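**Student:** Take a look at model32.json, JSON, C-alpha atoms and all ligand atoms:
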[["chain", "number", "residue", "atom", "x", "y", "z"],
["Y", 400, "MET", "CA", 8.56, 13.62, -10.30],
["Y", 401, "CYS", "CA", 8.04, 10.46, -8.28],
["Y", 402, "ARG", "CA", 5.02, 10.01, -6.02],
["Y", 403, "VAL", "CA", 5.39, 7.79, -3.00],
["Y", 404, "ILE", "CA", 2.09, 6.39, -1.72],
["Y", 405, "ALA", "CA", 1.75, 4.35, 1.47],
["Y", 406, "ILE", "CA", -1.22, 2.00, 1.50],
["Y", 407, "ALA", "CA", -2.07, 1.76, 5.16],
["Y", 408, "ASN", "CA", -4.68, 0.60, 7.63],
["Y", 409, "GLN", "CA", -3.77, -1.16, 10.86],
["Y", 410, "LYS", "CA", -6.71, -3.49, 10.34],
["Y", 411, "GLY", "CA", -5.84, -6.64, 8.42],
["Y", 412, "GLY", "CA", -7.84, -8.06, 5.55],
["Y", 413, "VAL", "CA", -9.16, -4.73, 4.26],
["Y", 414, "GLY", "CA", -7.53, -5.00, 0.84],
["Y", 415, "LYS", "CA", -4.20, -3.18, 1.28],
["Y", 416, "THR", "CA", -2.14, -5.76, -0.56],
["Y", 417, "THR", "CA", -4.75, -6.35, -3.26],
["Y", 418, "THR", "CA", -4.94, -2.59, -3.82],
["Y", 419, "CYS", "CA", -1.17, -2.15, -3.87],
["Y", 420, "VAL", "CA", -0.74, -4.85, -6.52],
["Y", 421, "ASN", "CA", -3.66, -3.89, -8.74],
["Y", 422, "LEU", "CA", -3.26, -0.12, -8.49],
["Y", 423, "GLY", "CA", 0.47, -0.59, -9.13],
["Y", 424, "ILE", "CA", -0.05, -2.76, -12.17],
["Y", 425, "GLY", "CA", -2.86, -0.42, -13.29],
["Y", 426, "LEU", "CA", -0.43, 2.49, -13.23],
["Y", 427, "ALA", "CA", 2.17, 0.44, -15.13],
["Y", 428, "ARG", "CA", -0.45, -0.38, -17.78],
["Y", 429, "ALA", "CA", -0.96, 3.37, -18.13],
["Y", 430, "GLY", "CA", 2.73, 3.71, -18.98],
["Y", 431, "LYS", "CA", 4.06, 4.70, -15.58],
["Y", 432, "ARG", "CA", 7.27, 3.37, -14.06],
["Y", 433, "VAL", "CA", 6.19, 1.66, -10.85],
["Y", 434, "LEU", "CA", 7.95, 0.14, -7.86],
["Y", 435, "LEU", "CA", 6.01, -1.77, -5.18],
["Y", 436, "ILE", "CA", 7.62, -2.18, -1.78],
["Y", 437, "GLU", "CA", 6.25, -4.69, 0.69],
["Y", 438, "ALA", "CA", 6.45, -3.50, 4.29],
["Y", 439, "ASP", "CA", 4.65, -6.48, 5.80],
["Y", 440, "ALA", "CA", 6.29, -9.53, 7.38],
["Y", 441, "GLN", "CA", 3.45, -11.72, 6.09],
["Y", 442, "GLY", "CA", 4.92, -11.62, 2.58],
["Y", 443, "SER", "CA", 1.47, -11.69, 1.00],
["Y", 444, "MET", "CA", 2.42, -9.15, -1.65],
["Y", 445, "ALA", "CA", 5.31, -11.39, -2.65],
["Y", 446, "VAL", "CA", 2.89, -14.32, -2.89],
["Y", 447, "SER", "CA", 0.40, -12.25, -4.93],
["Y", 448, "LEU", "CA", 3.23, -11.50, -7.35],
["Y", 449, "GLY", "CA", 4.10, -15.15, -7.84],
["Y", 450, "ILE", "CA", 6.69, -15.89, -5.15],
["Y", 451, "ARG", "CA", 5.67, -19.20, -3.60],
["Y", 452, "GLU", "CA", 7.75, -19.10, -0.44],
["Y", 453, "PRO", "CA", 8.74, -15.58, 0.55],
["Y", 454, "ASP", "CA", 10.33, -16.88, 3.77],
["Y", 455, "SER", "CA", 13.02, -18.66, 1.77],
["Y", 456, "LEU", "CA", 14.03, -15.51, -0.13],
["Y", 457, "ASN", "CA", 17.51, -14.33, 0.75],
["Y", 458, "MET", "CA", 17.11, -10.78, -0.58],
["Y", 459, "THR", "CA", 14.18, -8.73, 0.65],
["Y", 460, "ILE", "CA", 13.39, -5.25, 1.94],
["Y", 461, "VAL", "CA", 14.87, -6.46, 5.23],
["Y", 462, "ASN", "CA", 18.34, -6.84, 3.71],
["Y", 463, "ILE", "CA", 17.99, -3.47, 2.00],
["Y", 464, "MET", "CA", 17.01, -1.74, 5.24],
["Y", 465, "GLU", "CA", 19.84, -3.47, 7.10],
["Y", 466, "LYS", "CA", 22.31, -2.14, 4.55],
["Y", 467, "ILE", "CA", 20.96, 1.38, 5.05],
["Y", 468, "ILE", "CA", 21.28, 0.96, 8.83],
["Y", 469, "ASN", "CA", 24.87, -0.28, 8.50],
["Y", 470, "ASP", "CA", 25.85, 2.39, 5.94],
["Y", 471, "GLU", "CA", 26.59, -0.27, 3.36],
["Y", 472, "GLU", "CA", 26.47, 0.41, -0.34],
["Y", 473, "ILE", "CA", 23.34, -0.61, -2.26],
["Y", 474, "LYS", "CA", 24.07, -1.33, -5.91],
["Y", 475, "PRO", "CA", 21.71, 0.03, -8.59],
["Y", 476, "GLY", "CA", 18.76, -2.33, -8.92],
["Y", 477, "GLU", "CA", 19.84, -4.44, -5.95],
["Y", 478, "GLY", "CA", 16.94, -6.35, -4.38],
["Y", 479, "ILE", "CA", 14.51, -5.25, -7.08],
["Y", 480, "ILE", "CA", 12.53, -7.93, -8.94],
["Y", 481, "HIS", "CA", 10.97, -7.30, -12.36],
["Y", 482, "HIS", "CA", 7.46, -8.68, -12.77],
["Y", 483, "ALA", "CA", 6.02, -9.84, -16.09],
["Y", 484, "GLU", "CA", 3.18, -7.31, -15.81],
["Y", 485, "GLY", "CA", 5.51, -4.34, -16.04],
["Y", 486, "ILE", "CA", 6.18, -3.40, -12.45],
["Y", 487, "ASP", "CA", 9.23, -3.73, -10.22],
["Y", 488, "PHE", "CA", 8.87, -4.92, -6.66],
["Y", 489, "ILE", "CA", 10.77, -5.58, -3.47],
["Y", 490, "PRO", "CA", 9.24, -8.39, -1.39],
["Y", 491, "ALA", "CA", 9.32, -8.88, 2.36],
["Y", 492, "ASN", "CA", 9.16, -11.91, 4.59],
["Y", 493, "ILE", "CA", 8.99, -12.99, 8.20],
["Y", 494, "GLU", "CA", 12.42, -11.47, 8.92],
["Y", 495, "LEU", "CA", 10.82, -8.03, 8.82],
["Y", 496, "ALA", "CA", 9.29, -8.75, 12.23],
["Y", 497, "GLY", "CA", 12.79, -9.20, 13.68],
["Y", 498, "LEU", "CA", 14.02, -6.03, 12.02],
["Y", 499, "GLU", "CA", 11.13, -4.07, 13.53],
["Y", 500, "THR", "CA", 12.25, -5.09, 17.02],
["Y", 501, "SER", "CA", 15.90, -4.28, 16.41],
["Y", 502, "LEU", "CA", 15.10, -0.85, 14.94],
["Y", 503, "VAL", "CA", 14.56, 0.42, 18.48],
["Y", 504, "ASN", "CA", 18.30, 0.89, 18.93],
["Y", 505, "VAL", "CA", 19.00, 2.40, 15.53],
["Y", 506, "MET", "CA", 19.90, 6.03, 14.96],
["Y", 507, "SER", "CA", 17.20, 7.81, 12.90],
["Y", 508, "ARG", "CA", 15.17, 4.65, 13.03],
["Y", 509, "GLU", "CA", 12.12, 6.31, 11.43],
["Y", 510, "MET", "CA", 14.13, 7.39, 8.38],
["Y", 511, "VAL", "CA", 15.56, 4.07, 7.14],
["Y", 512, "LEU", "CA", 13.03, 3.37, 4.38],
["Y", 513, "ARG", "CA", 12.98, 7.03, 3.35],
["Y", 514, "LEU", "CA", 16.74, 6.98, 2.87],
["Y", 515, "PHE", "CA", 16.50, 3.96, 0.60],
["Y", 516, "ILE", "CA", 13.59, 5.37, -1.40],
["Y", 517, "SER", "CA", 15.32, 8.69, -1.96],
["Y", 518, "GLY", "CA", 18.04, 6.72, -3.74],
["Y", 519, "VAL", "CA", 15.67, 4.99, -6.20],
["Y", 520, "LYS", "CA", 13.07, 7.74, -6.69],
["Y", 521, "ALA", "CA", 14.64, 8.97, -9.91],
["Y", 522, "ASP", "CA", 13.86, 5.65, -11.62],
["Y", 523, "TYR", "CA", 10.10, 5.66, -10.95],
["Y", 524, "ASP", "CA", 6.93, 7.67, -11.39],
["Y", 525, "TYR", "CA", 5.16, 5.87, -8.54],
["Y", 526, "ILE", "CA", 6.39, 3.96, -5.54],
["Y", 527, "LEU", "CA", 3.65, 2.19, -3.58],
["Y", 528, "ILE", "CA", 4.31, 0.81, -0.10],
["Y", 529, "ASP", "CA", 2.14, -2.06, 1.11],
["Y", 530, "CYS", "CA", 1.98, -1.57, 4.89],
["Y", 531, "MET", "CA", 1.49, -4.15, 7.61],
["Y", 532, "PRO", "CA", -1.59, -4.28, 9.81],
["Y", 533, "SER", "CA", -0.07, -2.32, 12.71],
["Y", 534, "LEU", "CA", 1.10, 1.19, 13.50],
["Y", 535, "GLY", "CA", 4.56, 0.09, 14.62],
["Y", 536, "MET", "CA", 7.98, 1.29, 13.55],
["Y", 537, "ILE", "CA", 7.88, -0.26, 10.06],
["Y", 538, "THR", "CA", 4.60, 1.50, 9.27],
["Y", 539, "ILE", "CA", 6.04, 4.75, 10.68],
["Y", 540, "ASN", "CA", 8.99, 4.23, 8.30],
["Y", 541, "ALA", "CA", 6.51, 3.92, 5.42],
["Y", 542, "LEU", "CA", 4.64, 7.08, 6.47],
["Y", 543, "VAL", "CA", 7.91, 9.01, 6.81],
["Y", 544, "ALA", "CA", 8.96, 7.88, 3.32],
["Y", 545, "ALA", "CA", 5.60, 8.68, 1.69],
["Y", 546, "ASP", "CA", 4.07, 11.80, 0.15],
["Y", 547, "SER", "CA", 0.56, 10.54, 0.70],
["Y", 548, "VAL", "CA", -1.46, 7.74, 2.26],
["Y", 549, "LEU", "CA", -4.20, 5.72, 0.62],
["Y", 550, "ILE", "CA", -6.47, 4.12, 3.21],
["Y", 551, "PRO", "CA", -8.43, 1.04, 2.13],
["Y", 552, "VAL", "CA", -11.49, 0.55, 4.30],
["Y", 553, "GLU", "CA", -13.62, -2.55, 4.17],
["Y", 554, "ALA", "CA", -17.26, -1.61, 3.80],
["Y", 555, "ALA", "CA", -18.29, -4.17, 6.39],
["Y", 556, "TYR", "CA", -18.91, -2.15, 9.54],
["Y", 557, "LEU", "CA", -18.32, 1.43, 10.59],
["Y", 558, "PRO", "CA", -14.63, 1.41, 11.49],
["Y", 559, "VAL", "CA", -14.66, 4.67, 13.45],
["Y", 560, "LYS", "CA", -12.19, 3.88, 16.20],
["Y", 561, "GLY", "CA", -9.48, 2.29, 14.11],
["Y", 562, "LEU", "CA", -9.68, 4.97, 11.49],
["Y", 563, "GLN", "CA", -9.37, 7.75, 14.05],
["Y", 564, "GLN", "CA", -6.26, 6.14, 15.46],
["Y", 565, "LEU", "CA", -4.76, 5.87, 11.99],
["Y", 566, "ILE", "CA", -5.61, 9.49, 11.15],
["Y", 567, "LYS", "CA", -4.07, 10.59, 14.45],
["Y", 568, "THR", "CA", -0.86, 8.68, 13.70],
["Y", 569, "ILE", "CA", -0.68, 10.20, 10.21],
["Y", 570, "GLY", "CA", -1.16, 13.65, 11.76],
["Y", 571, "ARG", "CA", 1.62, 13.00, 14.25],
["Y", 572, "VAL", "CA", 4.02, 11.85, 11.55],
["Y", 573, "HIS", "CA", 3.08, 14.92, 9.51],
["Y", 574, "ARG", "CA", 3.84, 17.29, 12.39],
["Y", 575, "LYS", "CA", 7.00, 15.67, 13.69],
["Y", 576, "LEU", "CA", 8.70, 13.74, 10.92],
["Y", 577, "ASN", "CA", 7.34, 14.42, 7.43],
["Y", 578, "ARG", "CA", 5.77, 17.78, 6.61],
["Y", 579, "GLU", "CA", 5.03, 16.59, 3.05],
["Y", 580, "LEU", "CA", 2.68, 13.82, 4.15],
["Y", 581, "SER", "CA", -1.00, 14.08, 3.28],
["Y", 582, "ILE", "CA", -3.96, 11.73, 3.10],
["Y", 583, "MET", "CA", -4.74, 10.92, -0.50],
["Y", 584, "GLY", "CA", -8.07, 9.37, 0.37],
["Y", 585, "ILE", "CA", -10.18, 6.58, 1.72],
["Y", 586, "LEU", "CA", -10.88, 3.72, -0.67],
["Y", 587, "LEU", "CA", -13.92, 1.59, 0.10],
["Y", 588, "THR", "CA", -13.15, -2.05, -0.60],
["Y", 589, "LYS", "CA", -15.03, -5.34, -0.68],
["Y", 590, "VAL", "CA", -18.27, -3.50, -1.31],
["Y", 591, "ASP", "CA", -21.06, -6.00, -1.67],
["Y", 592, "ARG", "CA", -23.26, -4.40, -4.28],
["Y", 593, "ARG", "CA", -26.12, -6.79, -3.57],
["Y", 594, "THR", "CA", -26.73, -5.49, -0.06],
["Y", 595, "ASN", "CA", -27.99, -2.19, 1.26],
["Y", 596, "PHE", "CA", -25.74, -2.68, 4.26],
["Y", 597, "ALA", "CA", -22.60, -1.91, 2.25],
["Y", 598, "LYS", "CA", -24.36, 1.10, 0.80],
["Y", 599, "ASP", "CA", -25.24, 2.32, 4.31],
["Y", 600, "ILE", "CA", -21.64, 1.95, 5.46],
["Y", 601, "SER", "CA", -20.37, 3.81, 2.40],
["Y", 602, "GLU", "CA", -22.80, 6.63, 3.09],
["Y", 603, "GLN", "CA", -21.90, 6.75, 6.76],
["Y", 604, "ILE", "CA", -18.19, 6.93, 5.99],
["Y", 605, "ARG", "CA", -18.85, 9.78, 3.58],
["Y", 606, "GLU", "CA", -20.90, 11.51, 6.28],
["Y", 607, "VAL", "CA", -18.37, 11.08, 9.09],
["Y", 608, "TYR", "CA", -15.13, 11.64, 7.13],
["Y", 609, "GLY", "CA", -16.19, 13.24, 3.84],
["Y", 610, "ASN", "CA", -15.57, 16.83, 4.86],
["Y", 611, "GLN", "CA", -12.22, 15.99, 6.43],
["Y", 612, "ILE", "CA", -10.76, 13.42, 4.04],
["Y", 613, "HIS", "CA", -11.14, 12.77, 0.33],
["Y", 614, "ILE", "CA", -13.12, 9.63, -0.40],
["Y", 615, "PHE", "CA", -12.41, 8.00, -3.74],
["Y", 616, "GLN", "CA", -15.32, 8.10, -6.14],
["Y", 617, "ASN", "CA", -14.72, 4.52, -7.18],
["Y", 618, "CYS", "CA", -14.99, 1.73, -4.69],
["Y", 619, "ILE", "CA", -13.82, -1.85, -5.11],
["Y", 620, "PRO", "CA", -16.63, -4.39, -5.26],
["Y", 621, "LEU", "CA", -16.59, -7.64, -3.35],
["Y", 622, "SER", "CA", -15.89, -10.56, -5.65],
["Y", 623, "VAL", "CA", -14.40, -14.00, -5.33],
["Y", 624, "LYS", "CA", -12.32, -13.14, -8.42],
["Y", 625, "ALA", "CA", -10.27, -10.75, -6.28],
["Y", 626, "ALA", "CA", -9.61, -13.42, -3.70],
["Y", 627, "GLU", "CA", -8.48, -15.84, -6.41],
["Y", 628, "THR", "CA", -5.74, -13.53, -7.76],
["Y", 629, "THR", "CA", -3.70, -13.93, -4.59],
["Y", 630, "ALA", "CA", -3.14, -17.60, -5.34],
["Y", 631, "GLU", "CA", -2.62, -17.01, -9.07],
["Y", 632, "GLY", "CA", 0.36, -14.66, -8.78],
["Y", 633, "LYS", "CA", -1.07, -12.25, -11.30],
["Y", 634, "SER", "CA", -3.21, -9.15, -11.38],
["Y", 635, "ILE", "CA", -6.96, -8.91, -11.65],
["Y", 636, "TYR", "CA", -6.48, -7.48, -15.17],
["Y", 637, "LEU", "CA", -5.19, -10.86, -16.34],
["Y", 638, "HIS", "CA", -7.24, -13.08, -14.05],
["Y", 639, "ALA", "CA", -10.68, -11.58, -14.70],
["Y", 640, "PRO", "CA", -10.26, -8.68, -17.12],
["Y", 641, "LYS", "CA", -13.95, -8.17, -17.73],
["Y", 642, "GLY", "CA", -15.01, -8.46, -14.09],
["Y", 643, "ILE", "CA", -16.20, -5.78, -11.69],
["Y", 644, "VAL", "CA", -12.99, -5.79, -9.64],
["Y", 645, "ALA", "CA", -10.78, -5.15, -12.70],
["Y", 646, "GLU", "CA", -13.12, -2.32, -13.60],
["Y", 647, "GLY", "CA", -12.95, -0.97, -10.03],
["Y", 648, "TYR", "CA", -9.15, -0.93, -9.99],
["Y", 649, "HIS", "CA", -9.00, 0.50, -13.49],
["Y", 650, "CYS", "CA", -11.23, 3.39, -12.41],
["Y", 651, "LEU", "CA", -9.20, 3.89, -9.23],
["Y", 652, "THR", "CA", -6.03, 4.04, -11.36],
["Y", 653, "GLU", "CA", -7.65, 6.75, -13.51],
["Y", 654, "GLU", "CA", -8.61, 8.66, -10.38],
["Y", 655, "VAL", "CA", -5.07, 8.48, -9.00],
["Y", 656, "LEU", "CA", -3.67, 9.58, -12.38],
["Y", 657, "SER", "CA", -6.08, 12.52, -12.59],
["Y", 658, "ASP", "CA", -4.69, 13.67, -9.26],
["Y", 659, "GLU", "CA", -1.37, 14.34, -11.02],
["Y", 660, "LYS", "CA", -2.67, 17.40, -12.81],
["Y", 701, "LIG", "P1", -4.74, -6.68, 3.66],
["Y", 701, "LIG", "O1", -3.49, -6.50, 2.87],
["Y", 701, "LIG", "O2", -5.35, -5.39, 4.10],
["Y", 701, "LIG", "O3", -4.59, -7.64, 4.80],
["Y", 701, "LIG", "P2", -5.66, -8.24, 1.39],
["Y", 701, "LIG", "O4", -5.51, -7.40, 0.18],
["Y", 701, "LIG", "O5", -4.62, -9.27, 1.64],
["Y", 701, "LIG", "O6", -5.85, -7.32, 2.68],
["Y", 701, "LIG", "O7", -7.10, -8.89, 1.33],
["Y", 701, "LIG", "C1", -7.55, -9.75, 2.36],
["Y", 701, "LIG", "C2", -8.29, -10.93, 1.75],
["Y", 701, "LIG", "O8", -9.45, -10.47, 1.08],
["Y", 701, "LIG", "C3", -7.46, -11.68, 0.73],
["Y", 701, "LIG", "O9", -7.76, -13.04, 0.81],
["Y", 701, "LIG", "C4", -7.93, -11.10, -0.59],
["Y", 701, "LIG", "O10", -7.77, -12.01, -1.66],
["Y", 701, "LIG", "C5", -9.38, -10.80, -0.30],
["Y", 701, "LIG", "N1", -9.89, -9.67, -1.08],
["Y", 701, "LIG", "C6", -9.27, -8.49, -1.33],
["Y", 701, "LIG", "N2", -10.06, -7.67, -2.06],
["Y", 701, "LIG", "C7", -11.21, -8.34, -2.28],
["Y", 701, "LIG", "C8", -12.42, -8.04, -3.00],
["Y", 701, "LIG", "N3", -12.60, -6.87, -3.62],
["Y", 701, "LIG", "N4", -13.39, -8.98, -3.02],
["Y", 701, "LIG", "C9", -13.21, -10.17, -2.39],
["Y", 701, "LIG", "N5", -12.12, -10.53, -1.71],
["Y", 701, "LIG", "C10", -11.11, -9.63, -1.65],
["Y", 702, "MG", "MG", -1.54, -7.19, 3.27]]
When written as structure tokens, how does the structure in this file appear?
**Tutor:**
Amino acid sequence: MCRVIAIANQKGGVGKTTTCVNLGIGLARAGKRVLLIEADAQGSMAVSLGIREPDSLNMTIVNIMEKIINDEEIKPGEGIIHHAEGIDFIPANIELAGLETSLVNVMSREMVLRLFISGVKADYDYILIDCMPSLGMITINALVAADSVLIPVEAAYLPVKGLQQLIKTIGRVHRKLNRELSIMGILLTKVDRRTNFAKDISEQIREVYGNQIHIFQNCIPLSVKAAETTAEGKSIYLHAPKGIVAEGYHCLTEEVLSDEK
């Protein structure tokens, strides 16, 4: 059975892409078949996976979604790139912004990504979708295609308002478009272990959301090593295997895997 996880938060810079890449590669290292789909026009997942100029790619998730919209055939494996660290991925680029605008006039516009994913599900154990920092139509497509949502939250301030809006949107998608959708949990990211401030935020988030939403036991520490991986085009497991961020993502991977049982 394939699990489709959307990694979403309409706030940028909270660690969505970093989590998508390193949880995805973590799952692949545990023997799982993994596909990462970028649903963000910024193309930062593509860059993190070694593509220097995503905007010059001529096959991305945009072309795939356009084919679905136009009822064109998608060949097995079309648009899918194999990465040296054992995952498959489909990048995005700036053209996704244009697609988002043109989706307005498309029949079943919320279902486009879901339709594509249902065709490739049999080949994977996990499909992770790296969402963009907005709650627009592309993110709705990701939520409609997903079984669950992982919400990275930066432990920098108490993000009450933004989180409530996100939870509301997930609830709406659940009621109207995707009865299978649930919230997998909140993942605290960029936790500065040296300060009590981060600890306070973590505790407050547990207090405010803990009885409503699962909060992952493991959080991801703040470390310059994580920031460096983006430019390196490889995972934290290769870049700094003994560091605290590799350990954090390894533990998160175990937690996600234990959820299978
Ligand atoms: P998002 O996808 O939510 O916009 P990113 O994963 O791109 O967030 O992360 C935003 C920035 O923060 C990037 O420059 C990334 O390298 C950096 N970053 C991510 N996780 C960490 C971390 N644990 N410690 C330090 N920097 C991080
Ligand atoms: Mg991102």
**Student:** Centre and edge lengths of an axis-aligned box around all listed atoms of range 555-571 of chain Y, with 8 Å added on each side, are to be given in Å to one decimal, as AutoDock Vina command-line options.
**Tutor:**
--center_x -8.6 --center_y 4.7 --center_z 11.3 --size_x 36.5 --size_y 33.8 --size_z 25.8
**Student:** Do you have, as JSON lines, the list of residues of chain Y lying at most 7 Å from ligand MG 702 (chain Y), each with its nearest atom pair and that distance in Å to one decimal, counting only C-alpha atoms and all ligand atoms and ordered by chain then number?
**Tutor:**
{"residue": "Y:Gly411", "atom": "CA", "partner": "Y:MG702", "partner_atom": "MG", "distance": 6.7}
{"residue": "Y:Gly412", "atom": "CA", "partner": "Y:MG702", "partner_atom": "MG", "distance": 6.8}
{"residue": "Y:Gly414", "atom": "CA", "partner": "Y:MG702", "partner_atom": "MG", "distance": 6.8}
{"residue": "Y:Lys415", "atom": "CA", "partner": "Y:MG702", "partner_atom": "MG", "distance": 5.2}
{"residue": "Y:Thr416", "atom": "CA", "partner": "Y:MG702", "partner_atom": "MG", "distance": 4.1}
{"residue": "Y:Asp439", "atom": "CA", "partner": "Y:MG702", "partner_atom": "MG", "distance": 6.7}
{"residue": "Y:Ser443", "atom": "CA", "partner": "Y:MG702", "partner_atom": "MG", "distance": 5.9}
{"residue": "Y:Met444", "atom": "CA", "partner": "Y:MG702", "partner_atom": "MG", "distance": 6.6}
{"residue": "Y:Asp529", "atom": "CA", "partner": "Y:MG702", "partner_atom": "MG", "distance": 6.7}
{"residue": "Y:Cys530", "atom": "CA", "partner": "Y:MG702", "partner_atom": "MG", "distance": 6.8}
{"residue": "Y:Met531", "atom": "CA", "partner": "Y:MG702", "partner_atom": "MG", "distance": 6.1}
**Student:** Using only C-alpha atoms, find the one residue out of Y:Leu498, Y:Leu586, Y:Leu512, Y:Ala427 that sits nearest to Ile486 in chain Y.
**Tutor:**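 Looking only at the distances to Ile486 in chain Y, the closest residue turns out to be Y:Ala427.
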**Student:** Step by step, measure atom-to-atom distances between ligand LIG 701 (chain Y) and each residue using only C-alpha atoms and all ligand atoms, keep those at most 10 Å, then write them as a VMD selection string.
**Tutor:** chain Y and resid 406 to 421 439 441 to 444 447 529 to 532 550 to 553 587 to 591 618 to 630 643 to 645 647 to 648
**Student:** Can you list, as a tab-separated table (two decimals) with C-alpha atoms, in the coordinates of the input, every protein, DNA or RNA residue that comes within 7 Å of Ile479 in chain Y when you count only C-alpha atoms, leaving out same-chain residues fewer than 4 positions away?
**Tutor:**
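Here's the written file part-v6.tsv:
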chain	number	residue	atom	x	y	z
Y	487	ASP	CA	9.23	-3.73	-10.22
Y	488	PHE	CA	8.87	-4.92	-6.66
Y	489	ILE	CA	10.77	-5.58	-3.47
**Student:** Of the candidates Y:Ala554, Y:Ile460, Y:Leu562, Y:Ile467, which shows the shortest atom-to-atom distance to Glu602 in chain Y, using only C-alpha atoms?
**Tutor:**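 Result for the nearest residue to Glu602 in chain Y: Y:Ala554.
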**Student:** Work out how far apart CA of Arg428 in chain Y and CA of Ile585 in chain Y are and give it in Å to one decimal.
**Tutor:** 22.9 Å
**Student:** Take CA of Phe515 in chain Y and CA of Met464 in chain Y and report the distance between them in Å, one decimal.
**Tutor:**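 Interatomic distance here is 7.4 Å.
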**Student:** Tell me, in Å to one decimal, how far CA of Gly425 in chain Y is from CA of Met400 in chain Y.
**Tutor:**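 Separation of CA of Gly425 in chain Y and CA of Met400 in chain Y: 18.3 Å.
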**Student:** Counting only C-alpha atoms, which of Y:Arg508, Y:Arg432, Y:Arg513, Y:Lys520 gets nearest to Glu484 in chain Y?
**Tutor:**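 Checking each of Y:Arg508, Y:Arg432, Y:Arg513, Y:Lys520 against Glu484 in chain Y, counting only C-alpha atoms, the winner is Y:Arg432.
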**Student:** Tell me which of Y:Ala555, Y:Ile604, Y:Glu471, Y:Leu565 sits closest to Arg592 in chain Y, counting all atoms listed in the file.
**Tutor:**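 Among the listed residues, Y:Ala555 lies closest to Arg592 in chain Y.
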**Student:** Determine the nearest neighbour of Ile463 in chain Y from the options Y:Val505, Y:Ile516, Y:Leu656, Y:Ile569, counting all atoms listed in the file.
**Tutor:**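 Under the stated criterion, the closest residue is Y:Ile516.
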**Student:** Using all atoms listed in the file, which residue out of Y:Leu448, Y:Leu651, Y:Lys474, Y:Met536 lies closest to Ser507 in chain Y?
**Tutor:**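 Closest to Ser507 in chain Y, using all atoms listed in the file: Y:Met536.
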**Student:** I want to know what sits within 8 Å of His613 in chain Y, based on only C-alpha atoms, with residues of the same chain fewer than 5 positions away left out; could you give that as a short mmCIF file (atom, residue, chain, number, x, y, z; two decimals) with C-alpha atoms, keeping the file's coordinate frame?
**Tutor:**
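Below you can see part.cif, which holds the result:
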data_model
loop_
_atom_site.label_atom_id
_atom_site.label_comp_id
_atom_site.auth_asym_id
_atom_site.auth_seq_id
_atom_site.Cartn_x
_atom_site.Cartn_y
_atom_site.Cartn_z
CA ILE Y 582 -3.96 11.73 3.10
CA MET Y 583 -4.74 10.92 -0.50
CA GLY Y 584 -8.07 9.37 0.37
CA ILE Y 585 -10.18 6.58 1.72
CA TYR Y 608 -15.13 11.64 7.13
#
**Student:** May I have the residues within 10 Å of Leu542 in chain Y as number ranges by chain, using only C-alpha atoms and disregarding those fewer than 2 positions away in the same chain?
**Tutor:** Y: 403-407, 509-510, 512-513, 528, 530, 534, 536-540, 544-548, 568-569, 572-573, 576-577, 580-581
**Student:** Output the selection as a CSV table (one decimal), in the frame of the given file - C-alpha atoms for each residue.
**Tutor:**
chain,number,residue,atom,x,y,z
Y,403,VAL,CA,5.4,7.8,-3.0
Y,404,ILE,CA,2.1,6.4,-1.7
Y,405,ALA,CA,1.8,4.4,1.5
Y,406,ILE,CA,-1.2,2.0,1.5
Y,407,ALA,CA,-2.1,1.8,5.2
Y,509,GLU,CA,12.1,6.3,11.4
Y,510,MET,CA,14.1,7.4,8.4
Y,512,LEU,CA,13.0,3.4,4.4
Y,513,ARG,CA,13.0,7.0,3.4
Y,528,ILE,CA,4.3,0.8,-0.1
Y,530,CYS,CA,2.0,-1.6,4.9
Y,534,LEU,CA,1.1,1.2,13.5
Y,536,MET,CA,8.0,1.3,13.6
Y,537,ILE,CA,7.9,-0.3,10.1
Y,538,THR,CA,4.6,1.5,9.3
Y,539,ILE,CA,6.0,4.8,10.7
Y,540,ASN,CA,9.0,4.2,8.3
Y,544,ALA,CA,9.0,7.9,3.3
Y,545,ALA,CA,5.6,8.7,1.7
Y,546,ASP,CA,4.1,11.8,0.2
Y,547,SER,CA,0.6,10.5,0.7
Y,548,VAL,CA,-1.5,7.7,2.3
Y,568,THR,CA,-0.9,8.7,13.7
Y,569,ILE,CA,-0.7,10.2,10.2
Y,572,VAL,CA,4.0,11.8,11.6
Y,573,HIS,CA,3.1,14.9,9.5
Y,576,LEU,CA,8.7,13.7,10.9
Y,577,ASN,CA,7.3,14.4,7.4
Y,580,LEU,CA,2.7,13.8,4.2
Y,581,SER,CA,-1.0,14.1,3.3
**Student:** Taking 2 positions as the minimum chain separation for residues in the same chain, which residues sit within 12 Å of Ser455 in chain Y when counting all atoms listed in the file? Answer as a ChimeraX atom specification.
**Tutor:** /Y:442,445-446,450-453,457-459,490-494
**Student:** Those residues you just picked out, can you put them in a file as a short mmCIF file (atom, residue, chain, number, x, y, z; two decimals), in the frame of the given file with C-alpha atoms?
**Tutor:**
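Writing done, so here's again_26.cif:
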data_model
loop_
_atom_site.label_atom_id
_atom_site.label_comp_id
_atom_site.auth_asym_id
_atom_site.auth_seq_id
_atom_site.Cartn_x
_atom_site.Cartn_y
_atom_site.Cartn_z
CA GLY Y 442 4.92 -11.62 2.58
CA ALA Y 445 5.31 -11.39 -2.65
CA VAL Y 446 2.89 -14.32 -2.89
CA ILE Y 450 6.69 -15.89 -5.15
CA ARG Y 451 5.67 -19.20 -3.60
CA GLU Y 452 7.75 -19.10 -0.44
CA PRO Y 453 8.74 -15.58 0.55
CA ASN Y 457 17.51 -14.33 0.75
CA MET Y 458 17.11 -10.78 -0.58
CA THR Y 459 14.18 -8.73 0.65
CA PRO Y 490 9.24 -8.39 -1.39
CA ALA Y 491 9.32 -8.88 2.36
CA ASN Y 492 9.16 -11.91 4.59
CA ILE Y 493 8.99 -12.99 8.20
CA GLU Y 494 12.42 -11.47 8.92
#
